[in-house]
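Undergrad: Sharing a structure with you now.
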Amino acid sequence: MSAIATPIRQMPAAWTLPDRGKVAIAGLIIAESAIFTIFVVAYLFYLGKSVTGPTPREVLEVPIFYTICLLSSSLTIHFAAKSLKRDRVAAFLGLWLLTIALGSLFLYGTGMEWHRLIYLDGLTISTSLFGTTYYSLVGLHAFHVTAGLVMLSIVAILTLAGRVDVEQSRRTEVLAMYWHFVDAVWVVVFTVVYIMGR
Amino acid sequence: MASNAITIPGVQIEEKLWLDTLHGWLTTVDHKRLGILYILSSLVFLVFGGVEALIIRIQLMHSHNDFVSPQVFNRMFTMHGTTMIFFVAMPILFGFANYLVPLMIGARDMAFPRLNAFSFWLSFLGAVLLYFSFLGGNGLYGAGSAPDVGWWAYAPLTARAFSPGHSSDYWTLAVMISGFGTIGTAINIIATILCMRCPGMKLSRMPLLAWLNLVMSGMVLITITPLSAAQIMLLIDRYLGGHFFDAQAGGSAVLWMHFFWIFGHPEVYVLIIPCFAFMSEIIPVFSRKPIFGYPVMVAATVCIAFVSMSVWAHHMFTVGMNSYANSFFTITTMAVGVPTGIKIFNWLGTMWGGRIQFKVPMLFSIAFLFQFLLAGLTGIMLACAPFDWQLSLSYFVVAHFHYVIVGGILFALFAAFYYWYPKMTGRMLSERLGKWHFWLFLIGFHLTFDLMHIPGVLGMPRRIYTYEPGRGWDTLNLLITIGTFIQAIAILVFVANLIISYFKGDKAGNDPWDAWTLEWSISSPPPAYNFASIPVVASRRPLWDLKHPEDPDSRYE
Amino acid sequence: MIRRTIFADLVTGRKLTLLACLFVATVATAEPANFLSSPTNIFAPVSTPAKSILHLSLFVLVITGIIFAVVFTLLAYAVIKFRGRSGDGGREPAQVYGSTQIELAWTVIPVLIVVVLYLATARVIHAVQDAPQPANAVEVTVIGHQYWWEFRYPKLGIVTANELHVPVSDPAHPTPTFLNLLSADTDHSFWVPKLAGKTDLIPNHPNRMWIDPQRTGIFLGQCAQYCGVQHAKMLLRVSVDSPEDFAAWVRAQQQPAVQDASVAAGKRVFETTACINCHAIAGTNANGRFGPDLTHLMSRATIASGAAQNTPQNLRVWIQNPNAIKPGSLMPAMQLSDADLDAMVSYMETLR
């Protein structure tokens, strides 16, 4: 059917709209933030209300090293995305792999911490309110880190297969936004669990 | 798509196998087809939910009735509520949004067509999973069967101790899965509206339907997610030994209530805002005037979105919060009535001075206005915490929310059906059948839901499978039940209309209603690509500008 | 397609509506139990909390009624006055986009109404919720169970079930009853409409409410928060007694169970079956807390939390097969022989 014909003088000079990938990931981040907020609220609400089991102060050790790993991975992914925008694929790949390594190190640290808590300190998800809320909140975050690492790995494999170049820089930027979100959530979780909660 | 092409010189005939057609629909990523799939799926579940309602009403027809056992009754009201909210209302509104939003903003599809399809099928899967619970029960050695914990699934009733077996898990998983589908569609709608408007369509020139679906989708992101989070917590309690809602371990049943209602209240605004969108498109066209106060309508909607996030605990006035909390939620709940009322006044202002045409969409819209007004006012009564201490958990509340959902949302949906069916199918729905549908449904609706306020005031609680005689509830319940059967007949008339008109309705043409938004500039039904060339617009009513070049809207904006 | 005018529609619609109203009126006048005499009518309060709610609700109803009348009239007027007529010639009316003054007016006025309503409401919230407990108040601990009510009077040493007795309160010298609300399992809600608004019973979340009934009599209610399969039969019966009657009732409840040698056989059956795991009878070895206290079972008018009248036949059916009266109730069928059952019922009948 015919288009709407309007006089040329009314056509806008420049019609630029936001990038849909960025808008979508922003929407996803907002939704995920809401989920995390509910778990944080539950954690804070139940602080001090456990009737049994070890207290946070007794068993939690502040994971400074692994936090630094995760937060640095935000830096590396930022520079990786920037490199790809400038079509420097080798630099991109190196920084991207470094991001994956740092993220994996963080997960390893979480795993070690949980191993100690379960087998040495006797804290499981069913021990007490603290156990339930701690494993749920930290676990939810770790799940998102894992999902992120899977996506990052897929991109790494595609890069090694020569499929990723400057044309994909928009998509890697979107993925980097997700990764920044995961790190930002860790800042909140870290503060709530290891600083406020102890 | 494969086809049997028989070539005859000068003539080409293509025969499509029905299997190909089915395949086309099952694998489609076209927003129009997905919209129709959402709508058709919702209509099927509307029938299921309606049958559940009829069973409830037959059981409650008189005191000490034994049409169904208490176990079956409790499953009926749980499934009725869950079905109607999650598998009828939400999907049908997303279906209309899916169909209309790209057309109204001059786009060729949604921002993410494959995500669109994925989200639909996730929602559908959730619905099928929930209904499988009726069948699955016996297969799980009787431990399955449909959920019976109410659609709010309050803790600790949902704990393993009080809900053994898997019926609560069907509820949790089905709603959670479809919730993820809902979030996907919401993200899609936001990305589409922000990133794919045609040139010239600034945000201040978008049709109100686009604006309101944008606001609604934004709300969905922070509304559905608290429920998903709470459901994850419930699963952790039930299967990993967690204690989120375990009173014996110090957990709190009230925490579930807070999380549920932080979802539950904004959810009802998520449901009504697209219906406001329908009204804002339909009433102007049949009053032959533009919407009165477009900027105020946008502002009021945004206001409603924000304020509605702060009212949730008016569902918890009887829970034992302190007087300061009760006062706070009283005033926020009353406050959200102000922008809502403003919208009613603006629709009134749109009709004022107009030339109202009483076609079927307008009949439903006018009924909407009266009914939504009344529902809003009973809402103000409920906002008043002490009054709520009597009315809460009684049939007064059931009457109130059905007044909004049936009298408001469903009536607006009927208007939308009659208005946009010609665009979707190329045929007009029968005006005659439409009027029978309208009047029958109106009478049935009022018989049921006007009267239903009274048993509530006379002390009848909700979710009871039977009641004592001598409380003055018997006659009222009988009349209420009769009303539901009248509504059921009206729905049958409606479905008949949908089917008959598809084959025998008058041809609609591009623009049967002489309307002003972009979807009416293309054929009915639209071609797969929507617009041959992307339109450029200069005002809120591009077709008005074309039809009235001597007095275009663009001069006044 | 024949186009019908609005009048034809209204005539058909009006006819149908008139018919419907006639039908409703006929059926309504045939009904013996008049709604006005309903024992659970929230607009017929006898106790201060319920009365405060009534006064506030009348105020709210008047205001919302006025709003309804005004907006309804405007809508009806618009629909009638501005209907399109066939002689229009297809001209479009004046295209009005909005008006800032009107928008302001219909924003400011509702805001003022909200402020007024809120102030009136906040006053009642505080008056009811924050009322101090006087020293002479009767204290009752209410524990909600699936599907019965446990009532304890801690200061009086009484434990009973399902039927609450409270003294009448003279407005000049009030003797209110304060209820502490707890739950043993799921959420419940205590609702006796003529006495007060409802308050929930939530595990691990004690609540408090009060009543001061100013008339003697029996007042009915029931659980209002869905608590499981027999939520519908968790009925409430409140007996508001004169001061003398209340004192007499208290004295009777404070006695241990009546010892009657003629029903010793039944007592033995009771003491040697699983009954004692769930039930308590003061003065015997039965000390169970899962089910209602049976020490003064015969002082109650109903059994199974109001599901049946307290008659020997009903008692027999209940003990033999609770599901016959209340399907899904948590009391198991006791599988007693007829002889044992008869003896047990005779014993129960002595527990006044």
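Each chain in the structure tokens gets a letter, A, B, ..., in the order shown, and its residues are numbered from 1; ligands are numbered from 1 in order too.
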Could you list, as a list in words, every residue within 8 Å of Val89 (chain A), counting only C-alpha atoms and ignoring same-chain residues fewer than 5 positions away?
TA: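 Neighbouring residues, sequence-local ones excluded: Ser83, Leu84, Val164, Asp165 and Val166 of chain A.
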Undergrad: List the spatial neighbours of Val229 (chain C) as a PDB file with C-alpha atoms, in the first residue's frame - criterion: any atom at most 12 Å away, only C-alpha atoms, same-chain residues fewer than 2 positions off excluded.
TA:
```pdb
ATOM      1  CA  SER B  69     -15.685 -31.933  47.031  1.00  0.00           C
ATOM      2  CA  PRO B  70     -13.685 -29.342  48.970  1.00  0.00           C
ATOM      3  CA  GLN B  71     -10.489 -30.694  47.443  1.00  0.00           C
ATOM      4  CA  VAL B  72     -11.777 -30.146  43.899  1.00  0.00           C
ATOM      5  CA  PHE B  73     -13.260 -26.751  44.777  1.00  0.00           C
ATOM      6  CA  ASN B  74      -9.958 -25.528  46.166  1.00  0.00           C
ATOM      7  CA  ARG B  75      -8.213 -26.589  42.983  1.00  0.00           C
ATOM      8  CA  PRO B 147      -2.483 -26.796  42.717  1.00  0.00           C
ATOM      9  CA  ASP B 148      -4.908 -25.917  45.483  1.00  0.00           C
ATOM     10  CA  VAL B 149      -3.078 -23.242  47.430  1.00  0.00           C
ATOM     11  CA  GLY B 150      -4.822 -20.201  45.973  1.00  0.00           C
ATOM     12  CA  LEU B 157       0.614 -23.426  53.148  1.00  0.00           C
ATOM     13  CA  PHE B 162       1.289 -28.584  54.291  1.00  0.00           C
ATOM     14  CA  SER B 163       1.410 -29.220  50.544  1.00  0.00           C
ATOM     15  CA  ARG B 463     -12.213 -19.275  49.138  1.00  0.00           C
ATOM     16  CA  ILE B 464     -14.870 -21.235  50.988  1.00  0.00           C
ATOM     17  CA  TYR B 465     -16.254 -24.319  49.307  1.00  0.00           C
ATOM     18  CA  THR B 466     -19.552 -23.990  51.120  1.00  0.00           C
TER      19      THR B 466
ATOM     20  CA  GLN C 146      -6.023 -26.439  60.776  1.00  0.00           C
ATOM     21  CA  TYR C 147      -9.231 -26.319  61.162  1.00  0.00           C
ATOM     22  CA  THR C 186      -0.667 -22.012  58.452  1.00  0.00           C
ATOM     23  CA  GLN C 225      -7.655 -16.554  55.438  1.00  0.00           C
ATOM     24  CA  TYR C 226      -7.478 -19.660  53.255  1.00  0.00           C
ATOM     25  CA  CYS C 227      -5.712 -22.210  55.434  1.00  0.00           C
ATOM     26  CA  HIS C 231     -10.955 -23.519  55.672  1.00  0.00           C
ATOM     27  CA  ALA C 232     -14.685 -23.128  55.036  1.00  0.00           C
ATOM     28  CA  LYS C 233     -15.654 -25.021  58.189  1.00  0.00           C
ATOM     29  CA  MET C 234     -13.426 -23.220  60.683  1.00  0.00           C
ATOM     30  CA  ASN C 323     -14.486 -37.164  56.977  1.00  0.00           C
ATOM     31  CA  LYS C 326     -15.555 -32.469  57.534  1.00  0.00           C
ATOM     32  CA  PRO C 327     -13.722 -34.195  54.676  1.00  0.00           C
ATOM     33  CA  GLY C 328     -10.034 -33.443  54.930  1.00  0.00           C
ATOM     34  CA  SER C 329     -10.030 -32.661  58.623  1.00  0.00           C
ATOM     35  CA  LEU C 330      -6.857 -33.791  60.372  1.00  0.00           C
TER      36      LEU C 330
END
```
Undergrad: Got a sec: who's within 12 Å of Phe65 (chain A), counting only C-alpha atoms, leaving out chain neighbours fewer than 6 positions off, as a PyMOL selection string?
TA: chain A and resi 71-72+102+105-110
Undergrad: Env of region 314-331 of chain B: 8 Å cut, atoms = only C-alpha atoms, seq-sep filter 3 positions within chain, self excluded. Answer as a PDB file with N, CA and C atoms, in the first residue's frame.
TA:
```
ATOM      1  N   VAL B 254       5.151 -13.622  56.442  1.00  0.00           N
ATOM      2  CA  VAL B 254       4.825 -12.273  55.974  1.00  0.00           C
ATOM      3  C   VAL B 254       5.784 -11.845  54.861  1.00  0.00           C
ATOM      4  N   MET B 257       4.384 -12.740  51.683  1.00  0.00           N
ATOM      5  CA  MET B 257       3.303 -11.825  51.341  1.00  0.00           C
ATOM      6  C   MET B 257       3.852 -10.534  50.753  1.00  0.00           C
ATOM      7  N   TRP B 261       3.053  -9.478  46.956  1.00  0.00           N
ATOM      8  CA  TRP B 261       2.246  -8.302  46.628  1.00  0.00           C
ATOM      9  C   TRP B 261       3.059  -7.188  45.999  1.00  0.00           C
ATOM     10  N   SER B 310       4.247   1.560  45.235  1.00  0.00           N
ATOM     11  CA  SER B 310       4.352   1.855  46.664  1.00  0.00           C
ATOM     12  C   SER B 310       3.093   1.520  47.432  1.00  0.00           C
ATOM     13  N   VAL B 311       2.177   0.776  46.835  1.00  0.00           N
ATOM     14  CA  VAL B 311       0.890   0.560  47.504  1.00  0.00           C
ATOM     15  C   VAL B 311       0.657  -0.879  47.940  1.00  0.00           C
ATOM     16  N   MET B 334      -4.748   5.601  48.149  1.00  0.00           N
ATOM     17  CA  MET B 334      -5.687   6.640  47.744  1.00  0.00           C
ATOM     18  C   MET B 334      -5.048   7.537  46.698  1.00  0.00           C
ATOM     19  N   ALA B 335      -3.740   7.798  46.864  1.00  0.00           N
ATOM     20  CA  ALA B 335      -3.074   8.696  45.923  1.00  0.00           C
ATOM     21  C   ALA B 335      -3.066   8.137  44.511  1.00  0.00           C
ATOM     22  N   ALA B 383      -9.092   1.033  50.163  1.00  0.00           N
ATOM     23  CA  ALA B 383      -7.839   1.688  50.512  1.00  0.00           C
ATOM     24  C   ALA B 383      -7.858   2.148  51.957  1.00  0.00           C
ATOM     25  N   CYS B 384      -9.074   2.348  52.464  1.00  0.00           N
ATOM     26  CA  CYS B 384      -9.262   2.883  53.792  1.00  0.00           C
ATOM     27  C   CYS B 384      -9.060   1.715  54.765  1.00  0.00           C
ATOM     28  N   ALA B 385      -7.886   1.665  55.423  1.00  0.00           N
ATOM     29  CA  ALA B 385      -7.501   0.441  56.140  1.00  0.00           C
ATOM     30  C   ALA B 385      -8.550  -0.107  57.109  1.00  0.00           C
ATOM     31  N   ASP B 388     -11.146  -1.749  55.333  1.00  0.00           N
ATOM     32  CA  ASP B 388     -10.585  -2.970  54.753  1.00  0.00           C
ATOM     33  C   ASP B 388     -10.508  -4.090  55.780  1.00  0.00           C
ATOM     34  N   TRP B 389     -10.379  -3.728  57.058  1.00  0.00           N
ATOM     35  CA  TRP B 389     -10.328  -4.791  58.070  1.00  0.00           C
ATOM     36  C   TRP B 389     -11.608  -5.614  58.076  1.00  0.00           C
ATOM     37  N   SER B 392     -11.715  -6.910  53.658  1.00  0.00           N
ATOM     38  CA  SER B 392     -10.651  -7.742  53.098  1.00  0.00           C
ATOM     39  C   SER B 392     -11.007  -9.223  53.205  1.00  0.00           C
TER      40      SER B 392
ATOM     41  N   VAL C 114      -8.649  13.244  48.664  1.00  0.00           N
ATOM     42  CA  VAL C 114      -7.775  12.202  49.213  1.00  0.00           C
ATOM     43  C   VAL C 114      -7.244  12.629  50.579  1.00  0.00           C
ATOM     44  N   TYR C 118      -7.935  10.641  53.960  1.00  0.00           N
ATOM     45  CA  TYR C 118      -6.791  10.066  54.660  1.00  0.00           C
ATOM     46  C   TYR C 118      -6.784  10.471  56.127  1.00  0.00           C
ATOM     47  N   THR C 121      -9.272   8.628  58.055  1.00  0.00           N
ATOM     48  CA  THR C 121      -8.905   7.219  58.181  1.00  0.00           C
ATOM     49  C   THR C 121      -7.791   7.013  59.186  1.00  0.00           C
ATOM     50  N   ALA C 122      -6.763   7.870  59.130  1.00  0.00           N
ATOM     51  CA  ALA C 122      -5.608   7.690  60.017  1.00  0.00           C
ATOM     52  C   ALA C 122      -6.041   7.741  61.472  1.00  0.00           C
ATOM     53  N   ILE C 125      -7.435   4.405  62.386  1.00  0.00           N
ATOM     54  CA  ILE C 125      -6.381   3.383  62.442  1.00  0.00           C
ATOM     55  C   ILE C 125      -5.713   3.417  63.805  1.00  0.00           C
ATOM     56  N   HIS C 126      -5.325   4.608  64.213  1.00  0.00           N
ATOM     57  CA  HIS C 126      -4.628   4.719  65.502  1.00  0.00           C
ATOM     58  C   HIS C 126      -5.534   4.391  66.668  1.00  0.00           C
ATOM     59  N   GLN C 129      -5.919   0.457  66.519  1.00  0.00           N
ATOM     60  CA  GLN C 129      -4.722  -0.388  66.652  1.00  0.00           C
ATOM     61  C   GLN C 129      -3.904  -0.065  67.882  1.00  0.00           C
ATOM     62  N   ASP C 130      -3.869   1.214  68.259  1.00  0.00           N
ATOM     63  CA  ASP C 130      -2.968   1.612  69.335  1.00  0.00           C
ATOM     64  C   ASP C 130      -3.698   1.790  70.650  1.00  0.00           C
ATOM     65  N   LYS C 198     -11.190  -7.964  60.850  1.00  0.00           N
ATOM     66  CA  LYS C 198     -10.470  -9.214  61.039  1.00  0.00           C
ATOM     67  C   LYS C 198      -8.981  -8.955  61.249  1.00  0.00           C
ATOM     68  N   THR C 199      -8.339  -9.862  61.969  1.00  0.00           N
ATOM     69  CA  THR C 199      -6.885  -9.815  62.107  1.00  0.00           C
ATOM     70  C   THR C 199      -6.355 -11.215  61.875  1.00  0.00           C
ATOM     71  N   ASP C 200      -5.224 -11.313  61.206  1.00  0.00           N
ATOM     72  CA  ASP C 200      -4.702 -12.617  60.816  1.00  0.00           C
ATOM     73  C   ASP C 200      -3.939 -13.299  61.935  1.00  0.00           C
ATOM     74  N   LEU C 201      -3.910 -14.626  61.876  1.00  0.00           N
ATOM     75  CA  LEU C 201      -3.089 -15.417  62.780  1.00  0.00           C
ATOM     76  C   LEU C 201      -1.980 -16.028  61.920  1.00  0.00           C
ATOM     77  N   ILE C 202      -0.769 -15.611  62.170  1.00  0.00           N
ATOM     78  CA  ILE C 202       0.338 -16.012  61.307  1.00  0.00           C
ATOM     79  C   ILE C 202       1.415 -16.645  62.164  1.00  0.00           C
ATOM     80  N   ASN C 207      -0.080 -11.418  66.790  1.00  0.00           N
ATOM     81  CA  ASN C 207      -0.880 -10.222  66.551  1.00  0.00           C
ATOM     82  C   ASN C 207      -1.778  -9.973  67.742  1.00  0.00           C
ATOM     83  N   ARG C 208      -2.340  -8.791  67.785  1.00  0.00           N
ATOM     84  CA  ARG C 208      -3.178  -8.420  68.927  1.00  0.00           C
ATOM     85  C   ARG C 208      -4.401  -7.713  68.400  1.00  0.00           C
TER      86      ARG C 208
END
```
Undergrad: What does the distance between CA of Leu341 (chain C) and CA of Ala161 (chain C) come to in Å, to one decimal place?
TA: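 One can read the CA of Leu341 (chain C) to CA of Ala161 (chain C) distance as 22.5 Å.
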Undergrad: Define the interface residues of chain A facing chain B as those within 9 Å, counting only C-alpha atoms, and report them as a ChimeraX atom specification.
TA: /A:1-6,10-12,14-28,30-39,42,45-46,49-52,125-129,131-133,136
Undergrad: Could you turn the residues from that selection into a file that holds N, CA and C atoms, as a CSV table (one decimal), in the first residue's frame?
TA:
```csv
chain,number,residue,atom,x,y,z
A,1,MET,N,0.8,-1.2,0.0
A,1,MET,CA,0.0,0.0,0.0
A,1,MET,C,0.9,1.2,0.0
A,2,SER,N,0.3,2.3,-0.3
A,2,SER,CA,1.1,3.6,-0.4
A,2,SER,C,1.6,4.0,0.9
A,3,ALA,N,2.7,4.6,0.9
A,3,ALA,CA,3.3,5.2,2.1
A,3,ALA,C,2.6,6.5,2.4
A,4,ILE,N,2.9,7.0,3.6
A,4,ILE,CA,2.4,8.3,4.0
A,4,ILE,C,3.3,9.3,3.3
A,5,ALA,N,2.6,10.1,2.4
A,5,ALA,CA,3.4,11.1,1.7
A,5,ALA,C,3.4,12.4,2.5
A,6,THR,N,4.4,12.9,3.0
A,6,THR,CA,4.4,14.2,3.7
A,6,THR,C,5.4,15.1,2.9
A,10,GLN,N,9.0,18.6,5.9
A,10,GLN,CA,8.8,18.1,7.3
A,10,GLN,C,9.6,16.9,7.6
A,11,MET,N,10.4,16.3,6.7
A,11,MET,CA,11.2,15.2,7.0
A,11,MET,C,12.3,15.6,8.0
A,12,PRO,N,12.5,14.9,9.1
A,12,PRO,CA,13.5,15.3,10.0
A,12,PRO,C,14.9,15.2,9.4
A,14,ALA,N,18.0,14.6,10.8
A,14,ALA,CA,18.7,13.4,11.2
A,14,ALA,C,17.8,12.6,12.1
A,15,TRP,N,17.6,11.3,11.8
A,15,TRP,CA,16.6,10.5,12.6
A,15,TRP,C,17.4,9.4,13.2
A,16,THR,N,18.0,9.6,14.4
A,16,THR,CA,18.8,8.5,15.0
A,16,THR,C,18.1,8.1,16.3
A,17,LEU,N,18.0,6.8,16.4
A,17,LEU,CA,17.4,6.2,17.6
A,17,LEU,C,18.4,5.3,18.3
A,18,PRO,N,18.2,5.0,19.6
A,18,PRO,CA,19.2,4.2,20.3
A,18,PRO,C,19.4,2.9,19.7
A,19,ASP,N,20.5,2.2,20.0
A,19,ASP,CA,20.8,0.9,19.5
A,19,ASP,C,20.0,-0.1,20.2
A,20,ARG,N,19.3,-1.0,19.5
A,20,ARG,CA,18.3,-1.9,20.1
A,20,ARG,C,19.0,-2.9,21.0
A,21,GLY,N,20.2,-3.3,20.7
A,21,GLY,CA,20.9,-4.2,21.5
A,21,GLY,C,21.2,-3.6,22.9
A,22,LYS,N,21.6,-2.4,22.9
A,22,LYS,CA,21.9,-1.7,24.2
A,22,LYS,C,20.6,-1.5,25.0
A,23,VAL,N,19.6,-1.2,24.3
A,23,VAL,CA,18.3,-1.0,25.1
A,23,VAL,C,17.9,-2.3,25.7
A,24,ALA,N,18.0,-3.3,24.9
A,24,ALA,CA,17.5,-4.7,25.4
A,24,ALA,C,18.3,-5.1,26.6
A,25,ILE,N,19.6,-5.0,26.5
A,25,ILE,CA,20.5,-5.4,27.6
A,25,ILE,C,20.2,-4.5,28.8
A,26,ALA,N,19.9,-3.2,28.6
A,26,ALA,CA,19.6,-2.4,29.7
A,26,ALA,C,18.3,-2.9,30.4
A,27,GLY,N,17.3,-3.3,29.6
A,27,GLY,CA,16.1,-3.8,30.1
A,27,GLY,C,16.3,-5.1,30.9
A,28,LEU,N,17.2,-6.0,30.4
A,28,LEU,CA,17.5,-7.2,31.1
A,28,LEU,C,18.2,-6.9,32.4
A,30,ILE,N,17.9,-4.2,34.2
A,30,ILE,CA,16.9,-3.7,35.2
A,30,ILE,C,16.1,-4.9,35.8
A,31,ALA,N,15.7,-5.8,34.9
A,31,ALA,CA,14.9,-6.9,35.4
A,31,ALA,C,15.7,-7.8,36.4
A,32,GLU,N,17.0,-8.1,36.0
A,32,GLU,CA,17.8,-8.9,36.9
A,32,GLU,C,18.1,-8.1,38.2
A,33,SER,N,18.3,-6.8,38.1
A,33,SER,CA,18.5,-6.1,39.4
A,33,SER,C,17.3,-6.2,40.3
A,34,ALA,N,16.1,-6.3,39.8
A,34,ALA,CA,15.0,-6.4,40.6
A,34,ALA,C,15.0,-7.8,41.3
A,35,ILE,N,15.4,-8.8,40.6
A,35,ILE,CA,15.5,-10.2,41.2
A,35,ILE,C,16.6,-10.1,42.3
A,36,PHE,N,17.7,-9.6,42.0
A,36,PHE,CA,18.8,-9.5,43.1
A,36,PHE,C,18.3,-8.7,44.3
A,37,THR,N,17.6,-7.6,44.0
A,37,THR,CA,17.2,-6.8,45.1
A,37,THR,C,16.3,-7.6,46.1
A,38,ILE,N,15.5,-8.5,45.6
A,38,ILE,CA,14.6,-9.3,46.5
A,38,ILE,C,15.5,-10.2,47.3
A,39,PHE,N,16.5,-10.8,46.7
A,39,PHE,CA,17.3,-11.7,47.5
A,39,PHE,C,18.1,-10.9,48.5
A,42,ALA,N,15.9,-10.1,51.4
A,42,ALA,CA,15.7,-11.3,52.3
A,42,ALA,C,16.9,-11.5,53.1
A,45,PHE,N,16.9,-8.8,55.8
A,45,PHE,CA,15.8,-9.0,56.8
A,45,PHE,C,16.1,-10.1,57.8
A,46,TYR,N,16.8,-11.1,57.3
A,46,TYR,CA,17.0,-12.3,58.2
A,46,TYR,C,18.3,-12.2,58.9
A,49,LYS,N,18.6,-13.3,62.6
A,49,LYS,CA,17.4,-14.0,63.1
A,49,LYS,C,17.5,-15.5,63.1
A,50,SER,N,18.7,-16.0,62.7
A,50,SER,CA,18.9,-17.5,62.7
A,50,SER,C,18.8,-18.0,64.1
A,51,VAL,N,18.1,-19.2,64.2
A,51,VAL,CA,18.0,-19.7,65.6
A,51,VAL,C,19.1,-20.7,65.9
A,52,THR,N,19.9,-21.1,64.9
A,52,THR,CA,20.9,-22.1,65.1
A,52,THR,C,22.0,-21.9,64.1
A,125,ILE,N,22.9,-24.9,53.0
A,125,ILE,CA,21.7,-24.1,52.7
A,125,ILE,C,20.6,-24.4,53.6
A,126,SER,N,20.6,-25.6,54.3
A,126,SER,CA,19.5,-26.0,55.1
A,126,SER,C,19.9,-25.8,56.6
A,127,THR,N,21.0,-25.3,56.9
A,127,THR,CA,21.4,-25.2,58.3
A,127,THR,C,20.6,-24.2,59.1
A,128,SER,N,20.4,-23.0,58.5
A,128,SER,CA,19.7,-21.9,59.2
A,128,SER,C,19.3,-20.8,58.2
A,129,LEU,N,18.7,-19.8,58.7
A,129,LEU,CA,18.3,-18.7,57.8
A,129,LEU,C,19.6,-18.1,57.2
A,131,GLY,N,22.4,-19.6,56.4
A,131,GLY,CA,22.8,-20.5,55.4
A,131,GLY,C,21.9,-20.4,54.1
A,132,THR,N,20.6,-20.4,54.3
A,132,THR,CA,19.7,-20.3,53.2
A,132,THR,C,19.9,-19.0,52.4
A,133,THR,N,19.9,-17.9,53.1
A,133,THR,CA,20.0,-16.6,52.4
A,133,THR,C,21.4,-16.4,51.8
A,136,SER,N,21.8,-18.7,48.7
A,136,SER,CA,20.9,-18.3,47.7
A,136,SER,C,21.5,-17.1,47.0
```
Undergrad: Between B:Met309, B:Ala300, B:Ala399, B:Ala174, which residue has the minimum interatomic distance to chain C, considering only C-alpha atoms?
TA: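 Residue with the minimum atom-to-atom distance to chain C: B:Ala300.
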Undergrad: From a DSSP calculation on the backbone, collect every residue of region 74-318 of chain C in strand (DSSP E or B) and output the set as a VMD selection string.
TA: chain C and resid 83 138 to 145 148 to 153 158 to 161 163 to 167 177 to 183 188 to 190 199 to 202 205 207 to 211 217 to 222 235 to 241 280 287 293 302 to 303 308 to 309
Undergrad: Which polymer residues have any atom within 10 Å of an atom of region 104-113 of chain C, counting only C-alpha atoms, with same-chain residues fewer than 5 positions away left out, as a tab-separated table (two decimals) with C-alpha atoms, in the first residue's frame?
TA:
```
chain	number	residue	atom	x	y	z
B	334	MET	CA	-5.69	6.64	47.74
B	335	ALA	CA	-3.07	8.70	45.92
B	337	GLY	CA	-6.56	6.89	42.47
B	338	VAL	CA	-5.87	10.50	41.52
B	339	PRO	CA	-4.01	9.97	38.21
B	341	GLY	CA	-9.35	9.38	37.92
B	342	ILE	CA	-7.70	12.01	35.75
B	345	PHE	CA	-11.96	12.68	33.14
B	346	ASN	CA	-9.84	12.97	30.02
C	63	ILE	CA	-17.92	10.82	49.64
C	64	THR	CA	-17.49	8.08	47.06
C	67	ILE	CA	-18.13	11.33	43.33
C	99	SER	CA	-7.21	22.50	28.47
C	118	TYR	CA	-6.79	10.07	54.66
```
Undergrad: I'd like to know which residues of region 144-251 of chain C are helix (DSSP H, G or I) (by DSSP, run on the backbone); could you write them as number ranges by chain?
TA: C: 231-233, 243-251
Undergrad: Measuring atom to atom with only C-alpha atoms, identify which of B:Met279, B:Ile366, B:Leu26, B:Ala412 is nearest to chain C.
TA: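 Closest to chain C of all the choices is B:Ile366.
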Undergrad: Find the residue from B:Glu267, B:Glu15, B:Asp506, B:Asp109 that sits nearest to chain C; use only C-alpha atoms when measuring.
TA: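 Under the stated criterion, the closest residue is B:Asp506.
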Undergrad: Show which residues sit within 12 Å of Val51 (chain B), as JSON, numbers by chain. Count only C-alpha atoms, and ignore same-chain residues fewer than 6 positions away.
TA: {"B": [44, 45, 57, 58, 76, 77, 79, 80, 83, 84, 484, 485, 487, 488, 491]}
Undergrad: Go ahead and compute the interatomic distance for CA of Arg86 (chain A) and CA of Ser104 (chain A), in Å to one decimal.
TA: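 Calculated distance between CA of Arg86 (chain A) and CA of Ser104 (chain A) is 26.8 Å.
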Undergrad: Quick one: residues within 6 Å of region 191-197 of chain C, only C-alpha atoms counted, chain neighbours fewer than 5 positions away excluded, as a list in words?
TA: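 Everything that qualifies: Trp389 and Gln390 of chain B; Thr40, Ile42, Pro45, Val46, Ser47, Pro49, Ala50, Leu220, Gly221 and Gln222 of chain C.
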